[in-house]
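run.csv (CSV, C-alpha atoms)
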chain,number,residue,atom,x,y,z
A,1,MET,CA,42.7,78.9,91.7
A,2,PRO,CA,44.4,80.6,88.7
A,3,ARG,CA,44.9,78.4,85.8
A,4,MET,CA,48.4,77.4,84.7
A,5,LEU,CA,47.8,78.9,81.2
A,6,ASP,CA,50.4,80.2,78.8
A,7,VAL,CA,49.0,83.0,76.5
A,8,SER,CA,51.6,84.1,74.0
A,9,ASP,CA,51.9,87.7,72.9
A,10,GLU,CA,50.6,86.8,69.5
A,11,VAL,CA,47.6,85.0,70.9
A,12,ARG,CA,47.0,88.0,73.2
A,13,ALA,CA,47.2,90.4,70.2
A,14,GLU,CA,44.5,88.4,68.4
A,15,ILE,CA,42.0,87.9,71.3
A,16,GLY,CA,42.6,91.2,73.1
A,17,ASP,CA,43.9,92.0,76.6
A,18,GLU,CA,40.5,91.6,78.3
A,19,GLU,CA,39.9,88.1,77.0
A,20,ALA,CA,43.5,87.1,77.7
A,21,ASP,CA,43.3,88.3,81.3
A,22,ARG,CA,39.9,86.5,81.8
A,23,LEU,CA,41.6,83.3,80.6
A,24,LEU,CA,44.6,83.7,83.0
A,25,VAL,CA,42.4,84.2,86.0
A,26,GLY,CA,40.3,81.2,85.1
A,27,ASP,CA,37.0,82.9,84.1
A,28,ASP,CA,36.9,81.6,80.6
A,29,ALA,CA,39.4,78.7,80.9
A,30,PRO,CA,38.2,75.1,80.8
A,31,ARG,CA,38.4,73.0,84.0
A,32,SER,CA,39.7,70.2,81.8
A,33,TYR,CA,40.4,69.6,78.1
A,34,ASP,CA,41.6,67.1,75.5
A,35,CYS,CA,45.0,68.3,74.2
A,36,THR,CA,44.6,69.5,70.7
A,37,SER,CA,47.9,67.8,69.8
A,38,CYS,CA,48.0,64.4,71.6
A,39,ARG,CA,44.3,64.1,72.5
A,40,THR,CA,45.0,63.0,76.0
A,41,PRO,CA,43.2,64.8,79.0
A,42,GLY,CA,44.7,68.0,80.4
A,43,ASP,CA,44.1,69.9,83.6
A,44,PRO,CA,45.0,73.6,83.5
A,45,GLU,CA,44.9,73.8,87.3
A,46,ASN,CA,47.7,71.3,87.8
A,47,GLU,CA,49.8,71.4,84.6
A,48,ARG,CA,51.1,74.1,82.2
A,49,THR,CA,48.6,74.5,79.4
A,50,SER,CA,49.1,76.4,76.1
A,51,THR,CA,46.4,78.4,74.4
A,52,VAL,CA,46.4,77.7,70.7
A,53,LEU,CA,44.4,80.0,68.4
A,54,PHE,CA,43.5,78.6,65.0
A,55,VAL,CA,42.6,81.4,62.6
A,56,GLY,CA,40.8,80.9,59.2
A,57,GLU,CA,39.5,83.4,56.7
A,58,GLU,CA,36.3,84.0,58.7
A,59,THR,CA,36.5,81.9,61.8
A,60,ALA,CA,38.9,81.7,64.8
A,61,VAL,CA,38.9,78.8,67.3
A,62,LEU,CA,40.7,78.8,70.6
A,63,ALA,CA,42.0,75.4,71.7
A,64,PHE,CA,44.1,74.1,74.5
A,65,ALA,CA,47.1,71.8,74.6
A,66,HIS,CA,49.7,70.6,77.0
A,67,ALA,CA,52.6,73.1,77.1
A,68,ALA,CA,54.9,70.1,76.8
A,69,CYS,CA,53.2,69.2,73.4
A,70,ILE,CA,53.1,72.6,71.7
A,71,PRO,CA,53.6,76.2,72.9
A,72,SER,CA,51.0,78.9,72.9
A,73,GLN,CA,50.7,80.2,69.3
A,74,VAL,CA,48.5,81.4,66.5
A,75,VAL,CA,48.1,79.0,63.6
A,76,SER,CA,46.8,80.3,60.3
A,77,VAL,CA,44.8,77.7,58.4
A,78,SER,CA,42.2,77.7,55.5
A,79,GLU,CA,38.6,78.1,56.5
A,80,GLU,CA,37.9,74.6,55.2
A,81,GLN,CA,40.7,73.2,57.3
A,82,LEU,CA,39.6,75.1,60.3
A,83,GLN,CA,36.0,73.8,60.0
A,84,GLY,CA,37.5,70.3,59.7
A,85,ALA,CA,39.5,70.8,62.9
A,86,VAL,CA,36.4,72.0,64.7
A,87,ARG,CA,34.5,68.9,63.7
A,88,SER,CA,37.4,66.7,64.8
A,89,ILE,CA,37.7,68.5,68.1
A,90,THR,CA,34.0,68.3,68.9
A,91,GLY,CA,33.7,64.8,67.6
A,92,ASP,CA,31.0,65.6,65.1
A,93,SER,CA,32.8,64.2,62.1
A,94,PRO,CA,35.4,61.6,62.8
A,95,ALA,CA,38.1,61.2,60.2
A,96,SER,CA,37.7,58.1,58.0
A,97,VAL,CA,41.3,58.0,56.7
A,98,THR,CA,43.4,55.6,58.6
A,99,ASP,CA,47.1,55.4,59.4
A,100,ALA,CA,47.5,52.2,57.4
A,101,GLY,CA,47.1,53.8,54.0
A,102,ALA,CA,48.0,57.0,52.2
A,103,ALA,CA,45.9,60.1,51.7
A,104,ALA,CA,46.1,61.9,48.4
A,105,ALA,CA,44.7,65.3,47.5
A,106,PRO,CA,45.5,68.2,45.1
A,107,GLN,CA,48.1,70.5,46.8
A,108,ASN,CA,50.1,73.5,45.9
A,109,VAL,CA,53.6,72.2,45.7
A,110,PRO,CA,56.8,73.7,44.3
A,111,GLY,CA,56.3,73.4,40.5
A,112,GLY,CA,52.5,73.9,40.4
A,113,GLN,CA,49.5,71.7,41.1
A,114,ALA,CA,50.1,68.0,41.8
A,115,VAL,CA,48.6,65.2,43.8
A,116,LEU,CA,50.7,64.3,46.7
A,117,GLY,CA,50.3,61.0,48.5
A,118,ILE,CA,51.3,61.1,52.2
A,119,THR,CA,51.8,58.2,54.5
A,120,SER,CA,52.4,58.3,58.3
A,121,GLY,CA,54.5,55.7,60.0
A,122,LEU,CA,57.3,55.1,62.5
A,123,VAL,CA,60.9,54.7,61.6
A,124,LEU,CA,63.6,53.2,63.8
A,125,ILE,CA,66.7,55.2,64.1
A,126,GLY,CA,69.4,54.7,66.7
A,127,GLY,CA,67.2,52.3,68.6
A,128,GLU,CA,64.4,54.9,69.0
A,129,LEU,CA,61.1,55.1,67.1
A,130,HIS,CA,60.5,58.4,65.3
A,131,PRO,CA,57.2,59.7,63.8
A,132,ALA,CA,57.6,60.1,60.1
A,133,LEU,CA,55.6,61.2,57.0
A,134,VAL,CA,56.5,60.0,53.5
A,135,VAL,CA,55.4,62.2,50.6
A,136,GLU,CA,55.3,61.0,47.0
A,137,PRO,CA,53.6,62.7,44.1
A,138,THR,CA,51.5,60.8,41.6
A,139,ALA,CA,53.1,62.5,38.6
A,140,PRO,CA,56.4,64.3,37.8
A,141,ILE,CA,56.7,67.8,39.2
A,142,ALA,CA,58.0,70.3,36.6
A,143,ARG,CA,59.9,73.4,37.5
A,144,PRO,CA,57.7,76.6,37.1
A,145,GLY,CA,58.2,78.0,33.7
A,146,SER,CA,59.8,74.9,32.2
A,147,ASP,CA,58.4,73.3,29.1
A,148,GLY,CA,60.0,69.9,29.4
A,149,PRO,CA,58.6,66.7,30.9
A,150,GLY,CA,61.4,66.4,33.5
A,151,ASP,CA,60.8,65.8,37.2
A,152,ASP,CA,62.2,68.5,39.4
A,153,PHE,CA,60.4,67.5,42.6
A,154,LEU,CA,63.6,66.7,44.6
A,155,PRO,CA,65.8,69.6,43.3
A,156,LEU,CA,63.0,72.0,44.2
A,157,LEU,CA,62.8,70.6,47.7
A,158,ILE,CA,66.6,70.7,48.1
A,159,GLU,CA,66.4,74.4,47.2
A,160,GLN,CA,64.0,74.7,50.1
A,161,GLY,CA,66.5,73.1,52.5
A,162,PHE,CA,65.7,69.4,52.3
A,163,ILE,CA,68.8,67.2,52.4
A,164,PRO,CA,69.5,64.2,50.1
A,165,VAL,CA,69.4,60.9,52.1
A,166,THR,CA,72.0,58.3,51.5
A,167,ASP,CA,71.6,56.5,54.8
A,168,THR,CA,68.2,56.1,56.5
A,169,SER,CA,69.9,55.2,59.8
A,170,GLU,CA,70.8,58.9,60.2
A,171,LEU,CA,68.4,61.5,61.6
A,172,PRO,CA,67.5,64.3,59.1
A,173,THR,CA,68.4,67.8,60.2
A,174,LEU,CA,65.8,70.3,61.4
A,175,LEU,CA,64.4,72.6,58.7
A,176,GLY,CA,63.7,76.1,59.9
A,177,GLY,CA,60.4,77.7,59.0
A,178,TRP,CA,58.6,74.4,58.2
A,179,SER,CA,56.4,72.6,60.7
A,180,VAL,CA,53.7,69.9,60.9
A,181,LEU,CA,50.2,70.9,62.1
A,182,LEU,CA,48.6,68.2,64.3
A,183,ALA,CA,45.2,69.3,65.7
A,184,ALA,CA,42.8,67.2,67.7
A,185,GLY,CA,45.3,64.3,67.5
A,186,GLN,CA,45.0,64.2,63.7
A,187,LEU,CA,47.3,65.4,60.9
A,188,HIS,CA,46.0,68.5,59.1
A,189,ALA,CA,48.9,70.1,57.2
A,190,VAL,CA,52.6,70.5,56.5
A,191,LEU,CA,53.4,74.2,56.7
A,192,GLN,CA,56.2,76.1,54.9
A,193,PRO,CA,57.5,79.7,55.2
A,194,GLY,CA,55.3,82.3,53.5
A,195,THR,CA,56.7,84.7,51.0
A,196,GLU,CA,58.3,88.1,51.9
A,197,GLY,CA,58.4,87.4,55.6
A,198,GLY,CA,54.7,86.4,55.9
A,199,GLY,CA,53.3,83.7,58.1
A,200,GLN,CA,53.4,80.0,57.3
A,201,VAL,CA,51.3,78.6,54.5
A,202,ALA,CA,50.2,75.1,53.7
A,203,TRP,CA,52.6,73.1,51.5
A,204,TRP,CA,50.4,70.0,51.9
A,205,GLN,CA,46.9,70.1,53.4
A,206,ALA,CA,44.5,67.3,54.2
A,207,HIS,CA,41.1,67.6,52.7
A,208,GLN,CA,40.0,65.4,55.6
A,209,ALA,CA,42.2,65.1,58.7
A,210,LEU,CA,44.4,62.1,58.6
A,211,SER,CA,44.3,59.8,61.6
A,212,VAL,CA,47.5,58.5,63.0
A,213,THR,CA,48.1,55.7,65.4
A,214,ASP,CA,48.5,56.1,69.2
A,215,GLY,CA,52.1,54.9,68.8
A,216,TRP,CA,52.7,57.8,66.3
A,217,ARG,CA,51.2,60.4,68.6
A,218,THR,CA,53.2,59.0,71.6
A,219,ALA,CA,56.4,59.2,69.5
A,220,VAL,CA,55.8,62.8,68.5
A,221,GLN,CA,55.1,63.7,72.1
A,222,LYS,CA,58.5,62.4,73.0
A,223,THR,CA,60.5,63.8,70.1
A,224,GLN,CA,58.5,67.0,69.5
A,225,ARG,CA,59.3,66.7,65.8
A,226,VAL,CA,58.3,64.8,62.7
A,227,LEU,CA,60.6,63.4,60.0
A,228,LEU,CA,59.4,64.1,56.5
A,229,TYR,CA,60.8,62.0,53.7
A,230,ALA,CA,60.0,62.9,50.0
A,231,ALA,CA,60.6,60.9,46.9
A,232,PRO,CA,59.7,61.3,43.2
A,233,VAL,CA,56.7,59.4,41.6
A,234,GLY,CA,57.2,55.7,41.5
A,235,SER,CA,59.9,55.5,44.2
A,236,ILE,CA,58.0,54.4,47.3
A,237,GLY,CA,54.4,53.3,46.5
A,238,GLN,CA,51.7,52.6,49.0
A,239,GLN,CA,53.2,50.2,51.5
A,240,PRO,CA,50.8,48.4,53.9
A,241,ARG,CA,53.3,47.8,56.6
A,242,GLU,CA,56.0,49.9,58.3
A,243,ASP,CA,58.7,47.3,57.6
A,244,LEU,CA,57.9,47.4,53.9
A,245,LEU,CA,57.8,51.2,54.0
A,246,ARG,CA,61.3,51.2,55.5
A,247,ASP,CA,62.6,48.9,52.8
A,248,ALA,CA,61.2,51.2,50.2
A,249,LEU,CA,62.9,54.2,51.8
A,250,ASP,CA,66.2,52.3,51.9
A,251,LYS,CA,65.9,51.5,48.2
A,252,ALA,CA,65.0,55.1,47.3
A,253,ALA,CA,68.0,56.4,49.3
A,254,ALA,CA,70.3,53.9,47.6
A,255,ALA,CA,69.1,55.1,44.2
A,256,GLY,CA,69.6,58.7,45.1
A,257,LYS,CA,65.8,59.4,45.1
A,258,LEU,CA,65.1,60.5,48.6
A,259,VAL,CA,65.3,63.8,50.5
A,260,ALA,CA,64.3,64.5,54.1
A,261,ALA,CA,64.0,67.1,56.8
A,262,ALA,CA,62.9,67.1,60.5
A,263,MET,CA,60.1,69.5,61.4
A,264,PRO,CA,58.7,70.7,64.7
A,265,LEU,CA,55.0,70.8,65.5
A,266,ALA,CA,53.3,73.9,64.0
A,267,GLY,CA,54.5,77.1,65.3
A,268,THR,CA,57.5,75.9,67.3
A,269,PRO,CA,60.7,77.8,66.3
A,270,GLY,CA,63.1,76.0,64.0
A,271,ALA,CA,66.7,75.5,64.9
As structure tokens, how would this structure be written, given the file I've shared?
Amino acid sequence: MPRMLDVSDEVRAEIGDEEADRLLVGDDAPRSYDCTSCRTPGDPENERTSTVLFVGEETAVLAFAHAACIPSQVVSVSEEQLQGAVRSITGDSPASVTDAGAAAAPQNVPGGQAVLGITSGLVLIGGELHPALVVEPTAPIARPGSDGPGDDFLPLLIEQGFIPVTDTSELPTLLGGWSVLLAAGQLHAVLQPGTEGGGQVAWWQAHQALSVTDGWRTAVQKTQRVLLYAAPVGSIGQQPREDLLRDALDKAAAAGKLVAAAMPLAGTPGA
């Protein structure tokens, strides 16, 4: 029986017509798989399945996902990130970072090198739970070329399309060109538009994939987007519980120190 596989034009261009056709007739398609997004089982004979090609500097890995989770696409990642995803997918190296804490790693951010702490959690808006990421640098972010000690983290993000938050009970608007990379059920990167019309590049990238709770994955399956909140250093802190995290977000918003945007899963078109 032919598999219910979706192979996008960009995936076909990368793997070639012959391999794409072999997948579509079932020769090289798996009989079952764990969705690279939500990590629940999938059956390409009975449900629409996306082919997702992760491409690094030297390696490319073809993975499969429920079409309801993410569309067929090519995702460009660093070689280190791709190898981490392979280990996560195969189960050779389970992530040790948990959803309860924050992961911090040097990242290329607007304004130069900084250490960004990122925390995943659920926020309640309009009676519905939404998957969220909260980003806070560990030091002020200066505007490129400036000599002063000022913190331009929020103004730089606003220039990228993030919206200041005054009321956390309102849903952030969708930010085109940005997305969140969830692979093997773990958080790998926040992607932003590349320069001069190029593909997406990592704005934040995990050195080791960040585990998220089952509730977080369930929520992102339902909403198909992630809310990303950002605040300057010292505004949020590492909160051990989601109610305390929400309180910190409320206080940052009241102080005019919070911006936000909604983002689809990697590769899905922005509104």
- Write out as a PyMOL selection string each polymer residue whose atoms come within 7 Å of Ala253 of chain A, counting only C-alpha atoms; drop sequence neighbours fewer than 6 positions from it. chain A and resi 165-167
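Once Glu159 of chain A and its same-chain neighbours fewer than 4 positions away are set aside, Pro110, Arg143, Asp152, Phe153, Leu154, Pro155, Ile163, Pro164, Leu175 and Val259 of chain A remain within 12 Å of it when counting all atoms listed in the file.
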- Do a neighbour search on Asp243 of chain A at 12 Å with all atoms listed in the file, toss out local chain neighbours closer than 3 positions, and write the hits as number ranges by chain. A: 121-124, 239-240, 246-250
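Taking atom CA of Phe54 of chain A and atom CA of Leu174 of chain A as the two end points, the separation is 24.1 Å.
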- Note on the structure: atom CA of Gly256 of chain A to atom CA of Thr168 of chain A measures 11.8 Å
Please complete segment 155-176 of chain A so it has N, CA and C atoms, and hand it over as a PDB file, in the frame of the given file.
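Once written, result_5.pdb looks like this:
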ATOM      1  N   PRO A 155      64.952  68.350  43.289  1.00  0.00           N
ATOM      2  CA  PRO A 155      65.800  69.600  43.300  1.00  0.00           C
ATOM      3  C   PRO A 155      65.039  70.785  43.859  1.00  0.00           C
ATOM      4  N   LEU A 156      63.740  70.905  43.629  1.00  0.00           N
ATOM      5  CA  LEU A 156      63.000  72.000  44.200  1.00  0.00           C
ATOM      6  C   LEU A 156      62.961  71.945  45.720  1.00  0.00           C
ATOM      7  N   LEU A 157      62.821  70.738  46.263  1.00  0.00           N
ATOM      8  CA  LEU A 157      62.800  70.600  47.700  1.00  0.00           C
ATOM      9  C   LEU A 157      64.205  70.834  48.298  1.00  0.00           C
ATOM     10  N   ILE A 158      65.234  70.403  47.596  1.00  0.00           N
ATOM     11  CA  ILE A 158      66.600  70.700  48.100  1.00  0.00           C
ATOM     12  C   ILE A 158      66.846  72.167  48.127  1.00  0.00           C
ATOM     13  N   GLU A 159      66.318  72.909  47.160  1.00  0.00           N
ATOM     14  CA  GLU A 159      66.400  74.400  47.200  1.00  0.00           C
ATOM     15  C   GLU A 159      65.707  74.963  48.391  1.00  0.00           C
ATOM     16  N   GLN A 160      64.695  74.258  48.897  1.00  0.00           N
ATOM     17  CA  GLN A 160      64.000  74.700  50.100  1.00  0.00           C
ATOM     18  C   GLN A 160      64.660  74.325  51.380  1.00  0.00           C
ATOM     19  N   GLY A 161      65.711  73.511  51.288  1.00  0.00           N
ATOM     20  CA  GLY A 161      66.500  73.100  52.500  1.00  0.00           C
ATOM     21  C   GLY A 161      66.425  71.671  52.841  1.00  0.00           C
ATOM     22  N   PHE A 162      65.690  70.851  52.086  1.00  0.00           N
ATOM     23  CA  PHE A 162      65.700  69.400  52.300  1.00  0.00           C
ATOM     24  C   PHE A 162      67.088  68.857  51.951  1.00  0.00           C
ATOM     25  N   ILE A 163      67.467  67.775  52.616  1.00  0.00           N
ATOM     26  CA  ILE A 163      68.800  67.200  52.400  1.00  0.00           C
ATOM     27  C   ILE A 163      68.672  65.826  51.772  1.00  0.00           C
ATOM     28  N   PRO A 164      69.466  65.548  50.730  1.00  0.00           N
ATOM     29  CA  PRO A 164      69.500  64.200  50.100  1.00  0.00           C
ATOM     30  C   PRO A 164      69.830  63.144  51.179  1.00  0.00           C
ATOM     31  N   VAL A 165      69.131  62.023  51.142  1.00  0.00           N
ATOM     32  CA  VAL A 165      69.400  60.900  52.100  1.00  0.00           C
ATOM     33  C   VAL A 165      70.140  59.819  51.407  1.00  0.00           C
ATOM     34  N   THR A 166      71.269  59.471  51.985  1.00  0.00           N
ATOM     35  CA  THR A 166      72.000  58.300  51.500  1.00  0.00           C
ATOM     36  C   THR A 166      72.000  57.178  52.493  1.00  0.00           C
ATOM     37  N   ASP A 167      71.649  57.489  53.750  1.00  0.00           N
ATOM     38  CA  ASP A 167      71.600  56.500  54.800  1.00  0.00           C
ATOM     39  C   ASP A 167      70.428  56.762  55.704  1.00  0.00           C
ATOM     40  N   THR A 168      69.420  55.901  55.674  1.00  0.00           N
ATOM     41  CA  THR A 168      68.200  56.100  56.500  1.00  0.00           C
ATOM     42  C   THR A 168      68.408  55.880  57.959  1.00  0.00           C
ATOM     43  N   SER A 169      69.594  55.441  58.351  1.00  0.00           N
ATOM     44  CA  SER A 169      69.900  55.200  59.800  1.00  0.00           C
ATOM     45  C   SER A 169      70.330  56.534  60.442  1.00  0.00           C
ATOM     46  N   GLU A 170      70.439  57.614  59.665  1.00  0.00           N
ATOM     47  CA  GLU A 170      70.800  58.900  60.200  1.00  0.00           C
ATOM     48  C   GLU A 170      69.623  59.828  60.297  1.00  0.00           C
ATOM     49  N   LEU A 171      69.553  60.592  61.391  1.00  0.00           N
ATOM     50  CA  LEU A 171      68.400  61.500  61.600  1.00  0.00           C
ATOM     51  C   LEU A 171      68.538  62.699  60.634  1.00  0.00           C
ATOM     52  N   PRO A 172      67.460  63.050  59.944  1.00  0.00           N
ATOM     53  CA  PRO A 172      67.500  64.300  59.100  1.00  0.00           C
ATOM     54  C   PRO A 172      67.638  65.508  60.015  1.00  0.00           C
ATOM     55  N   THR A 173      68.197  66.561  59.429  1.00  0.00           N
ATOM     56  CA  THR A 173      68.400  67.800  60.200  1.00  0.00           C
ATOM     57  C   THR A 173      67.097  68.604  60.218  1.00  0.00           C
ATOM     58  N   LEU A 174      66.995  69.472  61.222  1.00  0.00           N
ATOM     59  CA  LEU A 174      65.800  70.300  61.400  1.00  0.00           C
ATOM     60  C   LEU A 174      65.757  71.390  60.353  1.00  0.00           C
ATOM     61  N   LEU A 175      64.596  71.566  59.716  1.00  0.00           N
ATOM     62  CA  LEU A 175      64.400  72.600  58.700  1.00  0.00           C
ATOM     63  C   LEU A 175      63.653  73.753  59.229  1.00  0.00           C
ATOM     64  N   GLY A 176      64.326  74.878  59.348  1.00  0.00           N
ATOM     65  CA  GLY A 176      63.700  76.100  59.900  1.00  0.00           C
ATOM     66  C   GLY A 176      62.581  76.609  59.060  1.00  0.00           C
TER      67      GLY A 176
END
